[in-house]
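This is coords28.cif (mmCIF, C-alpha atoms (C1' of nucleotides)).
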```cif
data_final
loop_
_atom_site.label_atom_id
_atom_site.label_comp_id
_atom_site.auth_asym_id
_atom_site.auth_seq_id
_atom_site.Cartn_x
_atom_site.Cartn_y
_atom_site.Cartn_z
CA MET A 611 34.65 -90.78 21.00
CA ALA A 612 35.90 -90.19 17.51
CA THR A 613 33.77 -92.15 15.09
CA LEU A 614 30.47 -92.32 16.93
CA GLN A 615 30.58 -88.71 18.08
CA LYS A 616 31.19 -87.56 14.55
CA SER A 617 28.16 -89.49 13.43
CA ILE A 618 25.88 -87.90 16.00
CA ASP A 619 27.10 -84.48 14.99
CA LYS A 620 26.25 -85.18 11.37
CA ARG A 621 22.84 -86.51 12.24
CA ASN A 622 22.13 -83.42 14.32
CA ALA A 623 23.32 -81.18 11.53
CA LEU A 624 21.00 -82.96 9.12
CA ILE A 625 18.01 -82.58 11.43
CA LYS A 626 18.80 -78.94 12.04
CA ALA A 627 19.09 -78.28 8.32
CA THR A 628 15.81 -80.08 7.71
CA ILE A 629 14.00 -77.90 10.23
CA ASP A 630 15.48 -74.74 8.79
CA LEU A 631 14.73 -75.51 5.16
CA VAL A 632 11.28 -76.99 5.74
CA ASN A 633 10.34 -73.95 7.82
CA ASN A 634 11.27 -71.59 5.03
CA ASN A 635 10.28 -73.56 1.94
CA GLY A 636 7.94 -76.32 3.00
CA PHE A 637 8.61 -80.03 2.89
CA HIS A 638 8.27 -80.79 -0.79
CA ALA A 639 10.16 -77.71 -1.92
CA THR A 640 13.10 -78.79 0.20
CA ALA A 641 15.55 -80.85 -1.83
CA MET A 642 17.78 -83.50 -0.27
CA ASN A 643 20.55 -81.75 -2.13
CA LYS A 644 19.98 -78.55 -0.19
CA ILE A 645 19.70 -80.33 3.13
CA ALA A 646 23.01 -82.02 2.42
CA LYS A 647 24.66 -78.79 1.45
CA MET A 648 23.43 -76.97 4.55
CA ALA A 649 24.66 -79.82 6.76
CA ASN A 650 28.04 -79.86 4.96
CA VAL A 651 27.53 -83.40 3.86
CA SER A 652 27.18 -85.33 0.64
CA PRO A 653 23.63 -86.16 -0.45
CA ALA A 654 24.51 -89.82 -0.28
CA THR A 655 25.50 -89.48 3.36
CA ILE A 656 21.94 -88.69 4.34
CA TYR A 657 21.00 -92.22 3.40
CA LEU A 658 23.45 -93.63 5.91
CA TYR A 659 21.42 -92.01 8.65
CA PHE A 660 17.91 -92.09 7.27
CA GLU A 661 16.00 -94.48 5.05
CA ASN A 662 14.66 -91.80 2.77
CA LYS A 663 13.27 -88.28 2.79
CA GLN A 664 10.04 -89.28 4.52
CA ASP A 665 11.97 -91.08 7.24
CA LEU A 666 14.16 -88.02 7.72
CA VAL A 667 11.20 -85.74 8.28
CA ASN A 668 9.36 -88.27 10.45
CA GLN A 669 12.37 -88.67 12.73
CA THR A 670 12.86 -84.92 12.82
CA TYR A 671 9.25 -84.49 13.87
CA ILE A 672 9.43 -87.09 16.62
CA GLU A 673 12.67 -85.63 17.94
CA VAL A 674 11.38 -82.07 18.03
CA LYS A 675 8.10 -83.18 19.58
CA ALA A 676 10.00 -84.95 22.34
CA LYS A 677 12.07 -81.84 22.97
CA TYR A 678 8.84 -79.87 23.15
CA SER A 679 7.18 -81.99 25.79
CA ASP A 680 10.35 -82.33 27.82
CA TYR A 681 10.44 -78.57 27.92
CA ALA A 682 6.74 -78.24 28.67
CA PHE A 683 6.78 -80.44 31.77
CA LYS A 684 10.18 -79.51 33.18
CA ASN A 685 9.88 -78.97 36.95
CA TYR A 686 6.18 -79.71 36.89
CA THR A 687 4.80 -81.73 39.77
CA GLU A 688 1.33 -83.03 40.45
CA LYS A 689 1.59 -81.59 43.94
CA LEU A 690 0.72 -78.16 42.58
CA SER A 691 -2.85 -76.92 42.72
CA VAL A 692 -4.79 -77.17 39.47
CA GLU A 693 -4.45 -73.47 38.78
CA ASP A 694 -0.77 -73.29 39.65
CA GLY A 695 -0.04 -76.48 37.73
CA PHE A 696 -1.80 -75.17 34.66
CA LYS A 697 -0.02 -71.85 34.88
CA HIS A 698 3.29 -73.61 35.21
CA ILE A 699 2.77 -75.80 32.13
CA TRP A 700 1.25 -72.96 30.14
CA LYS A 701 4.21 -70.68 30.79
CA ARG A 702 6.68 -73.39 29.87
CA ILE A 703 4.90 -74.00 26.58
CA ALA A 704 4.75 -70.29 25.90
CA ASP A 705 8.47 -70.02 26.60
CA PHE A 706 9.21 -72.86 24.24
CA LYS A 707 7.27 -71.22 21.45
CA LEU A 708 9.13 -68.00 22.00
CA ILE A 709 12.63 -69.24 22.63
CA GLU A 710 12.68 -72.37 20.49
CA CYS A 711 10.59 -70.78 17.80
CA GLU A 712 12.25 -72.61 14.92
CA ASN A 713 11.36 -75.90 16.55
CA ALA A 714 7.87 -74.72 17.41
CA PHE A 715 7.26 -73.49 13.89
CA PHE A 716 8.36 -76.81 12.47
CA LEU A 717 5.87 -78.62 14.69
CA ALA A 718 3.08 -76.26 13.72
CA GLN A 719 3.75 -76.89 10.07
CA CYS A 720 3.75 -80.65 10.56
CA ASP A 721 0.55 -80.53 12.58
CA ASN A 722 -1.29 -78.59 9.91
CA THR A 723 -0.29 -80.44 6.75
CA PRO A 724 -0.16 -83.99 5.42
CA ILE A 725 3.65 -84.13 5.39
CA ILE A 726 3.93 -86.43 8.39
CA ASP A 727 2.96 -90.10 8.51
CA GLU A 728 -0.11 -90.71 10.65
CA GLU A 729 2.01 -93.15 12.65
CA SER A 730 4.61 -90.53 13.53
CA ARG A 731 1.85 -88.10 14.39
CA GLN A 732 0.33 -90.56 16.86
CA GLU A 733 3.80 -91.13 18.30
CA GLY A 734 4.05 -87.39 18.95
CA ILE A 735 0.71 -87.04 20.72
CA LYS A 736 1.48 -89.37 23.61
CA HIS A 737 3.58 -86.87 25.51
CA LEU A 738 0.77 -84.60 26.64
CA GLN A 739 -0.56 -86.97 29.27
CA PRO A 740 0.40 -84.93 32.39
CA LEU A 741 -1.68 -82.04 31.10
CA LEU A 742 -4.67 -84.30 30.46
CA ASP A 743 -4.30 -85.70 33.97
CA LEU A 744 -4.25 -82.20 35.40
CA TRP A 745 -7.42 -81.30 33.54
CA ALA A 746 -9.14 -84.46 34.75
CA ARG A 747 -8.32 -83.50 38.33
CA GLY A 748 -9.45 -79.93 37.67
CA LYS A 749 -12.79 -81.11 36.36
CA LYS A 750 -13.28 -83.40 39.33
CA GLU A 751 -12.53 -80.56 41.73
CA GLY A 752 -14.91 -78.28 39.83
CA ILE A 753 -12.12 -75.84 38.99
CA ILE A 754 -11.97 -76.57 35.27
CA LYS A 755 -15.06 -76.49 33.04
CA PRO A 756 -16.35 -79.96 32.14
CA PHE A 757 -15.35 -79.54 28.50
CA SER A 758 -13.81 -82.18 26.32
CA ASP A 759 -10.03 -82.20 26.27
CA TYR A 760 -9.96 -81.15 22.65
CA ILE A 761 -11.90 -78.01 23.50
CA LEU A 762 -9.70 -77.24 26.49
CA TYR A 763 -6.62 -77.65 24.35
CA ALA A 764 -8.02 -75.61 21.48
CA TYR A 765 -8.73 -72.63 23.75
CA SER A 766 -5.91 -72.67 26.24
CA ILE A 767 -2.84 -74.10 24.53
CA ASN A 768 -3.25 -74.00 20.81
CA PRO A 769 -3.73 -70.21 20.52
CA LEU A 770 -0.05 -69.89 21.39
CA SER A 771 0.71 -71.48 18.03
CA PHE A 772 -1.25 -68.80 16.25
CA LEU A 773 0.56 -66.05 18.11
CA MET A 774 3.90 -67.61 17.40
CA MET A 775 3.06 -67.85 13.72
CA ALA A 776 2.12 -64.17 13.56
CA GLN A 777 5.31 -63.33 15.38
CA LYS A 778 7.44 -65.38 13.02
CA ARG A 779 5.72 -63.75 10.06
CA GLU A 780 6.53 -60.39 11.67
CA THR A 781 2.94 -59.21 11.48
CA PHE A 782 2.89 -59.08 15.27
CA LYS A 783 5.45 -58.48 17.97
CA LEU A 784 4.82 -60.40 21.18
CA ASN A 785 5.84 -58.70 24.42
CA ASN A 786 5.43 -59.51 28.11
CA GLU A 787 2.15 -57.67 28.36
CA HIS A 788 0.73 -59.73 25.52
CA MET A 789 1.79 -62.90 27.26
CA GLU A 790 -0.04 -61.79 30.39
CA GLU A 791 -3.16 -61.07 28.33
CA ALA A 792 -2.81 -64.42 26.61
CA PHE A 793 -2.62 -66.30 29.87
CA GLN A 794 -5.68 -64.52 31.20
CA ALA A 795 -7.60 -65.37 28.05
CA ALA A 796 -6.51 -68.99 28.26
CA TRP A 797 -7.42 -69.38 31.89
CA ASN A 798 -10.74 -67.56 31.56
CA SER A 799 -11.78 -69.84 28.75
CA ILE A 800 -11.34 -73.03 30.75
CA LYS A 801 -11.78 -72.08 34.44
CA ASN A 802 -15.14 -72.73 36.03
CA MET B 1332 -23.59 -68.61 -22.25
CA ALA B 1333 -21.46 -70.61 -24.60
CA THR B 1334 -17.82 -69.60 -24.56
CA LEU B 1335 -17.53 -67.55 -21.44
CA GLN B 1336 -19.71 -69.86 -19.36
CA LYS B 1337 -17.70 -72.84 -20.42
CA SER B 1338 -14.53 -71.05 -19.40
CA ILE B 1339 -15.87 -70.28 -15.97
CA ASP B 1340 -16.85 -73.89 -15.50
CA LYS B 1341 -13.36 -75.04 -16.38
CA ARG B 1342 -11.78 -72.48 -14.11
CA ASN B 1343 -14.02 -73.55 -11.25
CA ALA B 1344 -13.22 -77.19 -11.88
CA LEU B 1345 -9.52 -76.39 -11.76
CA ILE B 1346 -9.82 -74.51 -8.51
CA LYS B 1347 -11.92 -77.25 -6.97
CA ALA B 1348 -9.40 -79.88 -8.03
CA THR B 1349 -6.57 -77.80 -6.62
CA ILE B 1350 -8.26 -77.57 -3.24
CA ASP B 1351 -9.00 -81.27 -3.17
CA LEU B 1352 -5.51 -82.40 -4.13
CA VAL B 1353 -3.62 -79.85 -2.02
CA ASN B 1354 -5.74 -80.80 0.99
CA ASN B 1355 -4.83 -84.44 0.64
CA ASN B 1356 -1.26 -84.28 -0.59
CA GLY B 1357 0.08 -80.82 0.10
CA PHE B 1358 0.99 -78.20 -2.45
CA HIS B 1359 4.27 -79.47 -3.78
CA ALA B 1360 3.16 -83.08 -3.97
CA THR B 1361 0.26 -82.01 -6.17
CA ALA B 1362 1.18 -82.29 -9.84
CA MET B 1363 -0.35 -80.08 -12.50
CA ASN B 1364 -0.97 -83.30 -14.35
CA LYS B 1365 -3.22 -84.58 -11.60
CA ILE B 1366 -5.05 -81.29 -11.26
CA ALA B 1367 -5.74 -81.37 -14.99
CA LYS B 1368 -6.93 -84.95 -14.86
CA MET B 1369 -9.27 -84.31 -11.94
CA ALA B 1370 -10.71 -81.26 -13.72
CA ASN B 1371 -11.09 -83.23 -16.98
CA VAL B 1372 -8.81 -80.91 -18.80
CA SER B 1373 -5.48 -81.03 -20.56
CA PRO B 1374 -2.45 -79.87 -18.57
CA ALA B 1375 -1.86 -77.22 -21.21
CA THR B 1376 -5.34 -75.80 -20.65
CA ILE B 1377 -4.46 -74.81 -17.11
CA TYR B 1378 -2.06 -72.27 -18.57
CA LEU B 1379 -4.87 -70.55 -20.44
CA TYR B 1380 -6.43 -69.71 -17.11
CA PHE B 1381 -3.44 -69.32 -14.83
CA GLU B 1382 0.07 -68.06 -15.31
CA ASN B 1383 1.70 -70.95 -13.54
CA LYS B 1384 1.30 -73.24 -10.59
CA GLN B 1385 1.99 -70.52 -8.03
CA ASP B 1386 -0.58 -68.26 -9.65
CA LEU B 1387 -3.12 -71.07 -9.57
CA VAL B 1388 -2.70 -71.63 -5.87
CA ASN B 1389 -2.59 -67.91 -5.09
CA GLN B 1390 -5.83 -67.30 -6.93
CA THR B 1391 -7.39 -70.32 -5.30
CA TYR B 1392 -6.42 -68.96 -1.90
CA ILE B 1393 -7.84 -65.50 -2.58
CA GLU B 1394 -11.06 -66.94 -3.92
CA VAL B 1395 -11.60 -69.27 -0.99
CA LYS B 1396 -10.72 -66.52 1.47
CA ALA B 1397 -13.33 -64.26 -0.12
CA LYS B 1398 -15.93 -67.01 0.10
CA TYR B 1399 -15.00 -67.42 3.75
CA SER B 1400 -15.49 -63.80 4.73
CA ASP B 1401 -18.67 -63.47 2.67
CA TYR B 1402 -20.00 -66.38 4.63
CA ALA B 1403 -18.76 -65.02 7.95
CA PHE B 1404 -20.50 -61.66 7.68
CA LYS B 1405 -23.69 -62.72 5.94
CA ASN B 1406 -26.68 -61.02 7.60
CA TYR B 1407 -24.42 -59.29 10.10
CA THR B 1408 -25.31 -55.72 10.97
CA GLU B 1409 -23.58 -53.21 13.19
CA LYS B 1410 -26.89 -52.53 14.86
CA LEU B 1411 -26.50 -55.67 16.94
CA SER B 1412 -25.12 -55.40 20.48
CA VAL B 1413 -21.48 -56.32 20.84
CA GLU B 1414 -22.31 -59.67 22.39
CA ASP B 1415 -24.99 -60.54 19.84
CA GLY B 1416 -22.84 -59.35 16.97
CA PHE B 1417 -19.94 -61.43 18.11
CA LYS B 1418 -22.12 -64.46 18.59
CA HIS B 1419 -23.56 -64.00 15.13
CA ILE B 1420 -20.17 -63.80 13.42
CA TRP B 1421 -18.73 -66.58 15.53
CA LYS B 1422 -21.53 -68.96 14.63
CA ARG B 1423 -21.25 -68.14 10.96
CA ILE B 1424 -17.52 -68.87 11.02
CA ALA B 1425 -18.11 -72.08 12.94
CA ASP B 1426 -20.71 -73.11 10.36
CA PHE B 1427 -18.33 -72.41 7.54
CA LYS B 1428 -15.65 -74.57 9.08
CA LEU B 1429 -18.11 -77.40 9.52
CA ILE B 1430 -20.05 -77.20 6.30
CA GLU B 1431 -17.38 -75.93 3.92
CA CYS B 1432 -14.69 -77.93 5.60
CA GLU B 1433 -12.72 -78.60 2.42
CA ASN B 1434 -12.46 -74.87 1.85
CA ALA B 1435 -11.67 -74.22 5.49
CA PHE B 1436 -8.99 -76.89 5.54
CA PHE B 1437 -7.36 -75.43 2.48
CA LEU B 1438 -7.19 -72.02 4.14
CA ALA B 1439 -5.73 -73.50 7.30
CA GLN B 1440 -3.01 -75.19 5.30
CA CYS B 1441 -2.18 -72.01 3.44
CA ASP B 1442 -2.09 -70.00 6.64
CA ASN B 1443 0.35 -72.37 8.30
CA THR B 1444 2.87 -72.94 5.54
CA PRO B 1445 4.98 -70.94 3.12
CA ILE B 1446 3.04 -72.05 0.04
CA ILE B 1447 1.29 -68.72 -0.47
CA ASP B 1448 2.92 -65.50 -1.62
CA GLU B 1449 3.08 -62.91 1.11
CA GLU B 1450 1.20 -60.58 -1.24
CA SER B 1451 -1.73 -62.97 -1.61
CA ARG B 1452 -1.72 -63.52 2.12
CA GLN B 1453 -2.05 -59.80 2.77
CA GLU B 1454 -4.83 -59.67 0.17
CA GLY B 1455 -6.70 -62.33 2.15
CA ILE B 1456 -6.46 -60.55 5.50
CA LYS B 1457 -8.37 -57.42 4.55
CA HIS B 1458 -11.79 -59.01 4.78
CA LEU B 1459 -11.92 -59.27 8.56
CA GLN B 1460 -12.51 -55.56 9.14
CA PRO B 1461 -16.14 -55.78 10.43
CA LEU B 1462 -14.96 -58.05 13.22
CA LEU B 1463 -12.15 -55.68 14.16
CA ASP B 1464 -14.65 -52.81 14.19
CA LEU B 1465 -16.93 -54.77 16.47
CA TRP B 1466 -14.08 -55.44 18.87
CA ALA B 1467 -13.11 -51.79 18.88
CA ARG B 1468 -16.67 -50.88 19.86
CA GLY B 1469 -16.70 -53.64 22.45
CA LYS B 1470 -13.52 -52.36 24.04
CA LYS B 1471 -14.85 -48.81 24.11
CA GLU B 1472 -18.06 -49.96 25.79
CA GLY B 1473 -16.03 -51.99 28.29
CA ILE B 1474 -17.63 -55.24 27.17
CA ILE B 1475 -14.58 -56.73 25.52
CA LYS B 1476 -11.24 -57.00 27.29
CA PRO B 1477 -8.72 -54.37 26.17
CA PHE B 1478 -6.54 -56.98 24.51
CA SER B 1479 -4.77 -56.59 21.20
CA ASP B 1480 -6.73 -57.83 18.21
CA TYR B 1481 -4.26 -60.64 17.61
CA ILE B 1482 -4.92 -61.97 21.09
CA LEU B 1483 -8.67 -61.67 20.69
CA TYR B 1484 -8.49 -63.52 17.39
CA ALA B 1485 -6.16 -66.18 18.72
CA TYR B 1486 -8.52 -67.04 21.57
CA SER B 1487 -11.96 -66.60 20.11
CA ILE B 1488 -11.79 -67.40 16.40
CA ASN B 1489 -8.66 -69.36 15.64
CA PRO B 1490 -9.42 -72.29 17.96
CA LEU B 1491 -12.14 -73.28 15.51
CA SER B 1492 -9.40 -74.10 13.04
CA PHE B 1493 -7.84 -76.51 15.47
CA LEU B 1494 -11.14 -78.23 16.12
CA MET B 1495 -11.85 -78.48 12.42
CA MET B 1496 -8.45 -79.98 11.84
CA ALA B 1497 -9.01 -82.63 14.49
CA GLN B 1498 -12.41 -83.34 13.00
CA LYS B 1499 -11.01 -83.72 9.50
CA ARG B 1500 -8.32 -86.03 10.83
CA GLU B 1501 -11.11 -88.04 12.49
CA THR B 1502 -9.44 -87.90 15.88
CA PHE B 1503 -12.41 -85.93 17.15
CA LYS B 1504 -16.08 -85.77 16.28
CA LEU B 1505 -17.64 -82.35 16.74
CA ASN B 1506 -21.28 -82.24 17.85
CA ASN B 1507 -23.69 -79.47 18.86
CA GLU B 1508 -22.75 -79.73 22.50
CA HIS B 1509 -19.10 -79.19 21.63
CA MET B 1510 -20.00 -76.13 19.64
CA GLU B 1511 -21.84 -74.72 22.62
CA GLU B 1512 -18.81 -75.39 24.82
CA ALA B 1513 -16.56 -73.82 22.23
CA PHE B 1514 -18.59 -70.66 22.07
CA GLN B 1515 -18.61 -70.33 25.85
CA ALA B 1516 -14.85 -70.75 25.92
CA ALA B 1517 -14.41 -68.18 23.17
CA TRP B 1518 -16.66 -65.61 24.78
CA ASN B 1519 -15.23 -66.13 28.27
CA SER B 1520 -11.74 -65.54 27.00
CA ILE B 1521 -12.52 -62.13 25.55
CA LYS B 1522 -15.47 -60.72 27.52
CA ASN B 1523 -14.75 -58.29 30.30
"C1'" DT C 1440 57.12 -95.89 15.90
"C1'" DT C 1441 56.03 -97.27 11.25
"C1'" DA C 1442 53.67 -99.86 7.72
"C1'" DC C 1443 49.93 -102.17 6.47
"C1'" DA C 1444 45.21 -104.00 6.11
"C1'" DC C 1445 40.65 -103.74 6.74
"C1'" DA C 1446 36.07 -101.87 7.69
"C1'" DA C 1447 33.22 -98.05 8.19
"C1'" DA C 1448 32.06 -93.58 6.64
"C1'" DA C 1449 31.65 -90.43 3.24
"C1'" DT C 1450 31.71 -88.79 -1.32
"C1'" DG C 1451 30.41 -86.89 -6.16
"C1'" DA C 1452 28.70 -88.39 -10.23
"C1'" DA C 1453 25.07 -90.78 -12.45
"C1'" DC C 1454 20.42 -92.86 -12.86
"C1'" DG C 1455 15.66 -93.10 -13.84
"C1'" DT C 1456 11.61 -90.66 -12.88
"C1'" DT C 1457 8.60 -86.96 -12.42
"C1'" DC C 1458 7.50 -82.43 -12.78
"C1'" DA C 1459 6.01 -77.72 -14.67
"C1'" DT C 1460 5.75 -75.77 -18.79
"C1'" DT C 1461 5.70 -75.21 -23.94
"C1'" DC C 1462 4.98 -76.53 -28.76
"C1'" DT C 1463 2.35 -78.14 -32.50
"C1'" DT C 1464 -1.82 -79.73 -33.98
"C1'" DT C 1465 -6.75 -80.37 -33.76
"C1'" DT C 1466 -11.36 -78.99 -32.42
"C1'" DT C 1467 -14.78 -75.72 -31.35
"C1'" DT C 1468 -17.10 -71.43 -31.75
"C1'" DA C 1469 -19.03 -67.39 -33.83
"C1'" DT D 1369 -13.57 -69.42 -42.47
"C1'" DA D 1370 -10.86 -67.27 -39.20
"C1'" DA D 1371 -9.82 -66.96 -34.57
"C1'" DA D 1372 -10.05 -68.76 -30.02
"C1'" DA D 1373 -9.82 -72.76 -27.06
"C1'" DA D 1374 -8.21 -77.08 -26.06
"C1'" DA D 1375 -5.61 -81.09 -26.62
"C1'" DG D 1376 -1.70 -84.39 -26.21
"C1'" DA D 1377 2.92 -85.08 -26.96
"C1'" DA D 1378 7.38 -83.22 -26.14
"C1'" DT D 1379 11.04 -80.84 -23.40
"C1'" DG D 1380 14.43 -79.63 -20.21
"C1'" DA D 1381 15.18 -79.15 -15.49
"C1'" DA D 1382 15.08 -80.90 -10.93
"C1'" DC D 1383 14.32 -84.38 -7.88
"C1'" DG D 1384 15.21 -88.59 -4.71
"C1'" DT D 1385 18.03 -92.20 -4.66
"C1'" DT D 1386 21.94 -95.38 -5.80
"C1'" DC D 1387 26.53 -96.70 -7.35
"C1'" DA D 1388 31.38 -97.05 -7.70
"C1'" DT D 1389 35.02 -95.10 -5.54
"C1'" DT D 1390 37.84 -92.63 -2.15
"C1'" DT D 1391 38.86 -91.18 2.49
"C1'" DT D 1392 39.19 -91.90 7.30
"C1'" DG D 1393 39.87 -94.31 11.46
"C1'" DT D 1394 41.56 -98.40 13.98
"C1'" DG D 1395 43.95 -102.38 15.25
"C1'" DT D 1396 48.02 -105.27 14.33
"C1'" DA D 1397 52.53 -106.95 12.89
"C1'" DA D 1398 57.09 -105.72 12.19
#
```
Using structure tokens, write down the structure from this file.
Amino acid sequence: MATLQKSIDKRNALIKATIDLVNNNGFHATAMNKIAKMANVSPATIYLYFENKQDLVNQTYIEVKAKYSDYAFKNYTEKLSVEDGFKHIWKRIADFKLIECENAFFLAQCDNTPIIDEESRQEGIKHLQPLLDLWARGKKEGIIKPFSDYILYAYSINPLSFLMMAQKRETFKLNNEHMEEAFQAAWNSIKN
Amino acid sequence: MATLQKSIDKRNALIKATIDLVNNNGFHATAMNKIAKMANVSPATIYLYFENKQDLVNQTYIEVKAKYSDYAFKNYTEKLSVEDGFKHIWKRIADFKLIECENAFFLAQCDNTPIIDEESRQEGIKHLQPLLDLWARGKKEGIIKPFSDYILYAYSINPLSFLMMAQKRETFKLNNEHMEEAFQAAWNSIKN
DNA sequence: TTACACAAAATGAACGTTCATTCTTTTTTA
DNA sequence: TAAAAAAGAATGAACGTTCATTTTGTGTAA
């Protein structure tokens, strides 16, 4: 337990600190110094766990992205109808953005800036496959509009990021009614 | 012409260089040095036009945002029906994101990160009023769903940013057919 | 149980570099 | 010719990273 466990704790603390500081200051304004301080660790210790700053943020991204898709597809099964399946995944993603908003905000920032290696970005995309499969089935059954996946994503999933951002910036307060409206808008934009 | 004109040219060159470099490297990885070099100017000269780096990027943001909304509402008139008016504005915004994609990308990056002062951000929001007015009319006439403006924006306008981002990243190639699909999705998500 | 030795983990100080900004000088303009 | 504009070199601070050293944890011999 002792040694290894301690290590994992430190690594987690470092990743948590990275998310926090990058969320509030951006990647390049976040000093290794500050990350170390927030994680209660010496700056030098970071380099026992990560190659360098870029590696730290890449690994943080991949880890958060994995957490995101795990959350999104929890309890999902292909046995559901297209509409029910979509609603299930959509609600899970919405929940994630609300509940794990620090994580979600970090992902949004990575996805909209050049701070992440293209390689790590590709690594993070893989996880969405079940949703793409669902859409393929929906198109075949004539339930989903025959739009390209990018369009379907842009109009049914991605808007949640915008809402989360507004919420985080406190220019908008999401409530249950809003979420109901949002789901309707999402479904109307892609259903046939 | 002479003095003042020359100054405006330099200022424009600086702003253009800022957009270019921030788009490709992010704000904090963009050195004043490099901005000066790209604008064919001494680093010291920047400080004749801008207070400091933050001021440079704030002013760049406000200027690009103004260009964006000018473009969006060009030739728009309130005499149009709600549907036609919306289509008009939507197409203008879509055009902007396609044609002025460097500008659009810069805005997207500013809107998704903490690089811009909250004050400048607020300054940039004002310009959307005609669209909000149109939605208000649409809701009153029962043509637009009675959703909050944030939701309407998230599902009808903001998705264009996502598509532009994918396009810029060359993971997706937008064509006319896609734009038609995108408009349908946008309108379906907000129409009653 | 204690004392010791060794390796792994962790540290704080130090390094070289790069950055935003300023200072002094030169050039341009009117 | 005087003032405004611009330049390039200089500056101090801050950064990512490394180095020399100390601390911690673990197994072993007494």
Quiz prompt | Distance query A:Leu666 at most 9 Å, only C-alpha atoms (C1' of nucleotides), self and fewer than 4 positions along chain excluded, as a list in words | solution =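 Once the nearby chain positions are removed, what remains is Leu624, Ile625, Thr628, Ile656, Tyr659, Phe660, Glu661, Asn662, Thr670 and Tyr671 of chain A.
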Contacts of chain A with chain B up to 8 Å, shortest pair per row, only C-alpha atoms, as JSON lines:
```
{"residue": "A:Asn633", "atom": "CA", "partner": "B:Pro1445", "partner_atom": "CA", "distance": 7.7}
{"residue": "A:Asn634", "atom": "CA", "partner": "B:Pro1445", "partner_atom": "CA", "distance": 6.6}
{"residue": "A:Asn635", "atom": "CA", "partner": "B:Pro1445", "partner_atom": "CA", "distance": 6.0}
{"residue": "A:Gly636", "atom": "CA", "partner": "B:Pro1445", "partner_atom": "CA", "distance": 6.1}
{"residue": "A:Phe637", "atom": "CA", "partner": "B:His1359", "partner_atom": "CA", "distance": 8.0}
{"residue": "A:His638", "atom": "CA", "partner": "B:His1359", "partner_atom": "CA", "distance": 5.2}
{"residue": "A:Ala639", "atom": "CA", "partner": "B:His1359", "partner_atom": "CA", "distance": 6.4}
{"residue": "A:Ala718", "atom": "CA", "partner": "B:Asn1443", "partner_atom": "CA", "distance": 7.2}
{"residue": "A:Gln719", "atom": "CA", "partner": "B:Asn1443", "partner_atom": "CA", "distance": 5.9}
{"residue": "A:Asn722", "atom": "CA", "partner": "B:Gln1440", "partner_atom": "CA", "distance": 6.0}
{"residue": "A:Thr723", "atom": "CA", "partner": "B:Gln1440", "partner_atom": "CA", "distance": 6.1}
{"residue": "A:Pro724", "atom": "CA", "partner": "B:Asn1356", "partner_atom": "CA", "distance": 6.1}
{"residue": "A:Ile725", "atom": "CA", "partner": "B:Gly1357", "partner_atom": "CA", "distance": 7.2}
{"residue": "A:Phe757", "atom": "CA", "partner": "B:Glu1512", "partner_atom": "CA", "distance": 6.5}
{"residue": "A:Ser758", "atom": "CA", "partner": "B:His1509", "partner_atom": "CA", "distance": 7.7}
{"residue": "A:Tyr760", "atom": "CA", "partner": "B:Leu1494", "partner_atom": "CA", "distance": 7.2}
{"residue": "A:Ile761", "atom": "CA", "partner": "B:Ala1513", "partner_atom": "CA", "distance": 6.4}
{"residue": "A:Ala764", "atom": "CA", "partner": "B:Pro1490", "partner_atom": "CA", "distance": 5.0}
{"residue": "A:Tyr765", "atom": "CA", "partner": "B:Pro1490", "partner_atom": "CA", "distance": 5.8}
{"residue": "A:Ser766", "atom": "CA", "partner": "B:Tyr1486", "partner_atom": "CA", "distance": 7.8}
{"residue": "A:Asn768", "atom": "CA", "partner": "B:Pro1490", "partner_atom": "CA", "distance": 7.0}
{"residue": "A:Pro769", "atom": "CA", "partner": "B:Ala1485", "partner_atom": "CA", "distance": 5.0}
{"residue": "A:Leu770", "atom": "CA", "partner": "B:Ala1485", "partner_atom": "CA", "distance": 7.6}
{"residue": "A:Phe772", "atom": "CA", "partner": "B:Ala1485", "partner_atom": "CA", "distance": 6.1}
{"residue": "A:Leu773", "atom": "CA", "partner": "B:Ala1485", "partner_atom": "CA", "distance": 6.7}
{"residue": "A:Met775", "atom": "CA", "partner": "B:Asn1443", "partner_atom": "CA", "distance": 7.6}
{"residue": "A:Phe782", "atom": "CA", "partner": "B:Tyr1481", "partner_atom": "CA", "distance": 7.7}
{"residue": "A:His788", "atom": "CA", "partner": "B:Ile1482", "partner_atom": "CA", "distance": 7.5}
{"residue": "A:Glu791", "atom": "CA", "partner": "B:Phe1478", "partner_atom": "CA", "distance": 6.5}
{"residue": "A:Ala792", "atom": "CA", "partner": "B:Ile1482", "partner_atom": "CA", "distance": 6.4}
{"residue": "A:Gln794", "atom": "CA", "partner": "B:Ser1520", "partner_atom": "CA", "distance": 7.4}
{"residue": "A:Ala795", "atom": "CA", "partner": "B:Ser1520", "partner_atom": "CA", "distance": 4.3}
{"residue": "A:Ala796", "atom": "CA", "partner": "B:Ser1520", "partner_atom": "CA", "distance": 6.4}
{"residue": "A:Trp797", "atom": "CA", "partner": "B:Ser1520", "partner_atom": "CA", "distance": 7.6}
{"residue": "A:Asn798", "atom": "CA", "partner": "B:Ser1520", "partner_atom": "CA", "distance": 5.1}
{"residue": "A:Ser799", "atom": "CA", "partner": "B:Ala1516", "partner_atom": "CA", "distance": 4.3}
{"residue": "A:Ile800", "atom": "CA", "partner": "B:Ala1516", "partner_atom": "CA", "distance": 6.4}
```
How close does each residue of chain C get to chain B, giving the shortest atom pair and distance in Å to one decimal for every residue with an atom at most 10 Å away, counting only C-alpha atoms (C1' of nucleotides), sorted by chain and residue number, as a tab-separated table?
```
residue	atom	partner	partner_atom	distance
C:DT1457	C1'	B:Ala1362	CA	9.1
C:DC1458	C1'	B:Ala1362	CA	7.0
C:DA1459	C1'	B:Met1363	CA	7.1
C:DT1460	C1'	B:Ala1375	CA	8.1
C:DT1461	C1'	B:Ala1375	CA	8.3
C:DT1467	C1'	B:Thr1334	CA	9.6
C:DT1468	C1'	B:Thr1334	CA	7.5
C:DA1469	C1'	B:Thr1334	CA	9.6
```
